[in-house]
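> Below is the file run_24.pdb, with PDB, C-alpha atoms.
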MODEL        1
ATOM      1  CA  MET S   1     -20.721  -8.363  38.444
ATOM      2  CA  THR S   2     -23.991  -8.485  36.512
ATOM      3  CA  ASN S   3     -22.848  -5.637  34.260
ATOM      4  CA  ASN S   4     -19.717  -7.576  33.229
ATOM      5  CA  ARG S   5     -21.780 -10.710  32.664
ATOM      6  CA  SER S   6     -24.296  -8.926  30.457
ATOM      7  CA  ALA S   7     -21.470  -7.305  28.500
ATOM      8  CA  ALA S   8     -19.887 -10.738  27.944
ATOM      9  CA  LEU S   9     -23.223 -12.157  26.798
ATOM     10  CA  ASN S  10     -23.722  -9.227  24.455
ATOM     11  CA  ILE S  11     -20.237  -9.733  22.958
ATOM     12  CA  GLY S  12     -21.072 -13.417  22.479
ATOM     13  CA  ASN S  13     -24.283 -12.505  20.666
ATOM     14  CA  VAL S  14     -22.456 -10.061  18.436
ATOM     15  CA  GLY S  15     -19.816 -12.709  17.718
ATOM     16  CA  ARG S  16     -22.457 -15.257  16.713
ATOM     17  CA  LEU S  17     -24.161 -12.679  14.506
ATOM     18  CA  LEU S  18     -20.899 -11.808  12.780
ATOM     19  CA  MET S  19     -20.065 -15.483  12.282
ATOM     20  CA  ARG S  20     -23.422 -15.961  10.579
ATOM     21  CA  PHE S  21     -22.517 -13.242   8.084
ATOM     22  CA  ALA S  22     -18.928 -14.498   7.699
ATOM     23  CA  LYS S  23     -19.798 -18.163   7.141
ATOM     24  CA  PRO S  24     -20.463 -17.827   3.372
ATOM     25  CA  SER S  25     -16.955 -16.370   2.985
ATOM     26  CA  ARG S  26     -15.157 -19.089   4.946
ATOM     27  CA  TYR S  27     -13.089 -20.159   1.930
ATOM     28  CA  LEU S  28     -11.860 -16.608   1.439
ATOM     29  CA  PHE S  29     -10.855 -16.528   5.116
ATOM     30  CA  LEU S  30      -9.011 -19.801   4.530
ATOM     31  CA  LEU S  31      -7.282 -18.259   1.506
ATOM     32  CA  ALA S  32      -6.260 -15.267   3.644
ATOM     33  CA  GLY S  33      -4.784 -17.659   6.221
ATOM     34  CA  VAL S  34      -2.794 -19.507   3.560
ATOM     35  CA  LEU S  35      -1.540 -16.183   2.202
ATOM     36  CA  ARG S  36      -0.488 -15.147   5.716
ATOM     37  CA  LEU S  37       1.422 -18.407   6.192
ATOM     38  CA  THR S  38       3.119 -17.933   2.825
ATOM     39  CA  ALA S  39       4.153 -14.391   3.732
ATOM     40  CA  THR S  40       5.501 -15.620   7.068
ATOM     41  CA  LEU S  41       7.554 -18.317   5.371
ATOM     42  CA  LEU S  42       8.965 -15.770   2.939
ATOM     43  CA  ASP S  43       9.824 -13.487   5.860
ATOM     44  CA  LEU S  44      11.578 -16.344   7.681
ATOM     45  CA  LEU S  45      13.590 -17.192   4.577
ATOM     46  CA  ARG S  46      15.509 -13.904   4.595
ATOM     47  CA  PRO S  47      17.552 -14.413   7.807
ATOM     48  CA  TYR S  48      18.504 -17.886   6.583
ATOM     49  CA  LEU S  49      19.632 -16.440   3.252
ATOM     50  CA  LEU S  50      21.797 -13.893   5.100
ATOM     51  CA  LYS S  51      23.387 -16.717   7.090
ATOM     52  CA  VAL S  52      24.116 -18.712   3.939
ATOM     53  CA  ALA S  53      25.456 -15.625   2.166
ATOM     54  CA  ILE S  54      27.849 -14.763   4.981
ATOM     55  CA  ASP S  55      28.911 -18.253   6.065
ATOM     56  CA  ASP S  56      29.199 -19.854   2.653
ATOM     57  CA  ALA S  57      29.482 -17.362  -0.188
ATOM     58  CA  VAL S  58      31.452 -14.563   1.462
ATOM     59  CA  MET S  59      33.768 -16.798   3.485
ATOM     60  CA  GLN S  60      34.624 -18.893   0.432
ATOM     61  CA  GLY S  61      34.818 -15.901  -1.899
ATOM     62  CA  ASP S  62      32.201 -17.381  -4.255
ATOM     63  CA  MET S  63      30.720 -14.295  -5.870
ATOM     64  CA  MET S  64      28.411 -16.237  -8.214
ATOM     65  CA  SER S  65      26.706 -17.917  -5.223
ATOM     66  CA  LEU S  66      26.452 -14.554  -3.505
ATOM     67  CA  TYR S  67      24.701 -13.061  -6.545
ATOM     68  CA  HIS S  68      22.232 -15.949  -6.614
ATOM     69  CA  ILE S  69      21.515 -15.546  -2.895
ATOM     70  CA  ILE S  70      21.021 -11.798  -3.337
ATOM     71  CA  GLY S  71      18.560 -12.492  -6.181
ATOM     72  CA  ILE S  72      16.619 -14.964  -4.052
ATOM     73  CA  TYR S  73      16.641 -12.465  -1.158
ATOM     74  CA  PHE S  74      15.128  -9.696  -3.269
ATOM     75  CA  ALA S  75      12.661 -12.127  -4.851
ATOM     76  CA  SER S  76      11.497 -13.073  -1.338
ATOM     77  CA  LEU S  77      11.053  -9.376  -0.505
ATOM     78  CA  ILE S  78       8.967  -8.773  -3.605
ATOM     79  CA  GLY S  79       7.032 -12.029  -3.154
ATOM     80  CA  SER S  80       6.265 -11.200   0.463
ATOM     81  CA  GLY S  81       4.950  -7.780  -0.540
ATOM     82  CA  ILE S  82       2.738  -9.273  -3.248
ATOM     83  CA  VAL S  83       1.372 -11.958  -0.912
ATOM     84  CA  ILE S  84       0.642  -9.439   1.870
ATOM     85  CA  TYR S  85      -1.096  -7.179  -0.657
ATOM     86  CA  ALA S  86      -3.222 -10.105  -1.871
ATOM     87  CA  GLN S  87      -4.127 -11.013   1.714
ATOM     88  CA  THR S  88      -5.135  -7.423   2.426
ATOM     89  CA  MET S  89      -7.318  -7.304  -0.696
ATOM     90  CA  VAL S  90      -9.044 -10.604   0.181
ATOM     91  CA  LEU S  91      -9.788  -9.524   3.755
ATOM     92  CA  GLN S  92     -10.928  -6.089   2.618
ATOM     93  CA  HIS S  93     -13.308  -7.659   0.085
ATOM     94  CA  VAL S  94     -14.754 -10.022   2.701
ATOM     95  CA  GLY S  95     -15.156  -7.215   5.236
ATOM     96  CA  GLN S  96     -16.944  -4.981   2.770
ATOM     97  CA  LYS S  97     -19.206  -7.863   1.739
ATOM     98  CA  ILE S  98     -20.148  -8.549   5.372
ATOM     99  CA  ILE S  99     -20.845  -4.863   6.074
ATOM    100  CA  HIS S 100     -22.984  -4.679   2.920
ATOM    101  CA  GLN S 101     -25.034  -7.697   4.011
ATOM    102  CA  MET S 102     -25.530  -6.207   7.476
ATOM    103  CA  ARG S 103     -26.667  -2.887   6.024
ATOM    104  CA  GLU S 104     -29.113  -4.631   3.713
ATOM    105  CA  ARG S 105     -30.546  -6.557   6.662
ATOM    106  CA  VAL S 106     -30.988  -3.394   8.751
ATOM    107  CA  LEU S 107     -32.579  -1.554   5.825
ATOM    108  CA  LYS S 108     -35.023  -4.414   5.154
ATOM    109  CA  ARG S 109     -35.982  -4.437   8.820
ATOM    110  CA  ILE S 110     -36.574  -0.686   8.900
ATOM    111  CA  LEU S 111     -38.524  -0.688   5.628
ATOM    112  CA  SER S 112     -40.766  -3.511   6.851
ATOM    113  CA  GLU S 113     -41.920  -1.426   9.853
ATOM    114  CA  PRO S 114     -45.112   0.608   9.549
ATOM    115  CA  TYR S 115     -44.604   4.343   9.260
ATOM    116  CA  ASP S 116     -46.347   5.080  12.586
ATOM    117  CA  SER S 117     -44.018   2.692  14.370
ATOM    118  CA  LEU S 118     -40.984   4.459  12.912
ATOM    119  CA  GLN S 119     -42.241   7.811  14.186
ATOM    120  CA  ARG S 120     -42.470   6.546  17.775
ATOM    121  CA  LYS S 121     -39.137   4.701  18.011
ATOM    122  CA  SER S 122     -35.689   6.170  18.431
ATOM    123  CA  VAL S 123     -32.989   5.251  15.935
ATOM    124  CA  GLY S 124     -31.139   3.119  18.484
ATOM    125  CA  ALA S 125     -34.284   1.190  19.351
ATOM    126  CA  MET S 126     -34.943   0.482  15.662
ATOM    127  CA  LEU S 127     -31.474  -0.957  15.127
ATOM    128  CA  THR S 128     -31.283  -3.093  18.272
ATOM    129  CA  ASN S 129     -34.790  -4.555  18.382
TER     130      ASN S 129
ENDMDL
END
Show how you would write the structure in this file as structure tokens.


Amino acid sequence: MTNNRSAALNIGNVGRLLMRFAKPSRYLFLLAGVLRLTATLLDLLRPYLLKVAIDDAVMQGDMMSLYHIIGIYFASLIGSGIVIYAQTMVLQHVGQKIIHQMRERVLKRILSEPYDSLQRKSVGAMLTN
């Protein structure tokens, strides 16, 4: 029981630490969320376009409407790919920025320690204390 509780507390501490590093990039996270919603809407558009193509254009024999629907369908495919790519790039940039900040913080902490102290401590103890 105590082991699970300490693990939960440790996860909470790690979460708070990560949120501290992520807070300056909150607008980029918001942008990634908007991009995800846009990609989802584009993905949901395709089944509706198939329905309209079959029920309206094909049943009525209107080839011009069918060509327009096919163009919109492929535009939604391409748009979805572009939006997902942009979301991936934004999240990758934010993640790399957070990791860079964490590494700088660890390096500053290690470099601020006296040399004798570094000789006595293990690597794990230096990073967690």

> Would you mind telling me which residue in S:Thr38, S:Gln119, S:Gln101, S:Ser112 lies nearest to Ser76 (chain S) when using only C-alpha atoms?

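For Ser76 (chain S), the nearest of the candidates is S:Thr38.
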
> May I ask for the distance between CA of His100 (chain S) and CA of Val14 (chain S), given in Å to one decimal place?

16.4 Å

> Tell me, in Å to one decimal, how far CA of Met102 (chain S) is from CA of Ala86 (chain S).

24.5 Å

> What do you get, as a PyMOL selection string, if you spell out every residue that the PyMOL selection byres ((chain S and resi 45-47) around 10) selects here?

chain S and resi 39-44+48-53+69-70+72-74+76-77

> Point out the residue among S:Ser25, S:Arg16, S:Arg36, S:Ile11 with the least atom-to-atom distance to Thr88 (chain S), counting only C-alpha atoms.

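Of S:Ser25, S:Arg16, S:Arg36, S:Ile11, the one nearest Thr88 (chain S) is S:Arg36, counting only C-alpha atoms.
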
> Give the answer as one residue: which of S:Tyr85, S:Ala75, S:Asp55, S:Gly124 has the shortest atom-to-atom distance to Leu35 (chain S), using only C-alpha atoms?

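Among S:Tyr85, S:Ala75, S:Asp55, S:Gly124, it is S:Tyr85 that comes nearest to Leu35 (chain S).
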
> In Å, with one decimal, what is the gap from CA of Arg105 (chain S) to CA of Leu17 (chain S)?

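Atom-to-atom, CA of Arg105 (chain S) to CA of Leu17 (chain S), that is 11.8 Å.
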
> Could you put an axis-aligned box around every listed atom of region 91-106 of chain S, padded by 8 Å on each side, and send me its centre and edge lengths in Å to one decimal, as JSON?


{"center_x": -20.4, "center_y": -6.5, "center_z": 4.4, "size_x": 37.2, "size_y": 23.1, "size_z": 24.7}

> Determine the nearest neighbour of Ala32 (chain S) from the options S:Met89, S:Ile98, S:Met64, S:Ala125, counting all atoms listed in the file.

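Checking each of S:Met89, S:Ile98, S:Met64, S:Ala125 against Ala32 (chain S), counting all atoms listed in the file, the winner is S:Met89.
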
> Let me make sure I understand: among S:Gln92, S:Ser117, S:Gln87, S:Ser122, which one has the smallest atom-to-atom distance to Leu37 (chain S) if we use all atoms listed in the file?

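Ranking S:Gln92, S:Ser117, S:Gln87, S:Ser122 by distance to Leu37 (chain S), first place goes to S:Gln87.
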
> Kindly indicate which residue among S:Lys97, S:Arg109, S:Ile54, S:Arg120 lies nearest to Pro24 (chain S), using only C-alpha atoms for the distances.

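Ranked by minimum distance to Pro24 (chain S), first place goes to S:Lys97.
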
> Restore N, CA and C atoms in region 48-67 of chain S and list the result as a compact mmCIF listing (two decimals), in the frame of the given file.


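Resulting contents of result06.txt:
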# COMPACT_ATOMS: atom_id res chain seq x y z
N TYR S 48 17.75 -16.70 7.00
CA TYR S 48 18.50 -17.89 6.58
C TYR S 48 19.38 -17.58 5.37
N LEU S 49 18.84 -16.82 4.43
CA LEU S 49 19.63 -16.44 3.25
C LEU S 49 20.84 -15.59 3.64
N LEU S 50 20.66 -14.69 4.62
CA LEU S 50 21.80 -13.89 5.10
C LEU S 50 22.87 -14.79 5.71
N LYS S 51 22.45 -15.77 6.48
CA LYS S 51 23.39 -16.72 7.09
C LYS S 51 24.17 -17.46 6.02
N VAL S 52 23.45 -17.97 5.02
CA VAL S 52 24.12 -18.71 3.94
C VAL S 52 25.05 -17.79 3.16
N ALA S 53 24.62 -16.57 2.91
CA ALA S 53 25.46 -15.62 2.17
C ALA S 53 26.75 -15.34 2.91
N ILE S 54 26.65 -15.11 4.21
CA ILE S 54 27.85 -14.76 4.98
C ILE S 54 28.73 -16.00 5.22
N ASP S 55 28.13 -17.07 5.69
CA ASP S 55 28.91 -18.25 6.06
C ASP S 55 29.48 -18.99 4.87
N ASP S 56 28.74 -19.06 3.78
CA ASP S 56 29.20 -19.85 2.65
C ASP S 56 29.81 -19.00 1.55
N ALA S 57 29.03 -18.10 0.99
CA ALA S 57 29.48 -17.36 -0.19
C ALA S 57 30.61 -16.38 0.12
N VAL S 58 30.44 -15.58 1.16
CA VAL S 58 31.45 -14.56 1.46
C VAL S 58 32.73 -15.20 2.00
N MET S 59 32.59 -16.16 2.90
CA MET S 59 33.77 -16.80 3.48
C MET S 59 34.58 -17.56 2.45
N GLN S 60 33.91 -18.13 1.46
CA GLN S 60 34.62 -18.89 0.43
C GLN S 60 34.98 -18.03 -0.77
N GLY S 61 34.51 -16.81 -0.80
CA GLY S 61 34.82 -15.90 -1.90
C GLY S 61 34.08 -16.25 -3.18
N ASP S 62 32.98 -16.95 -3.08
CA ASP S 62 32.20 -17.38 -4.26
C ASP S 62 31.19 -16.29 -4.60
N MET S 63 31.58 -15.43 -5.52
CA MET S 63 30.72 -14.30 -5.87
C MET S 63 29.47 -14.73 -6.64
N MET S 64 29.58 -15.78 -7.45
CA MET S 64 28.41 -16.24 -8.21
C MET S 64 27.31 -16.72 -7.26
N SER S 65 27.69 -17.47 -6.22
CA SER S 65 26.71 -17.92 -5.22
C SER S 65 26.10 -16.72 -4.50
N LEU S 66 26.93 -15.75 -4.19
CA LEU S 66 26.45 -14.55 -3.50
C LEU S 66 25.42 -13.82 -4.36
N TYR S 67 25.66 -13.72 -5.66
CA TYR S 67 24.70 -13.06 -6.54
C TYR S 67 23.38 -13.83 -6.60
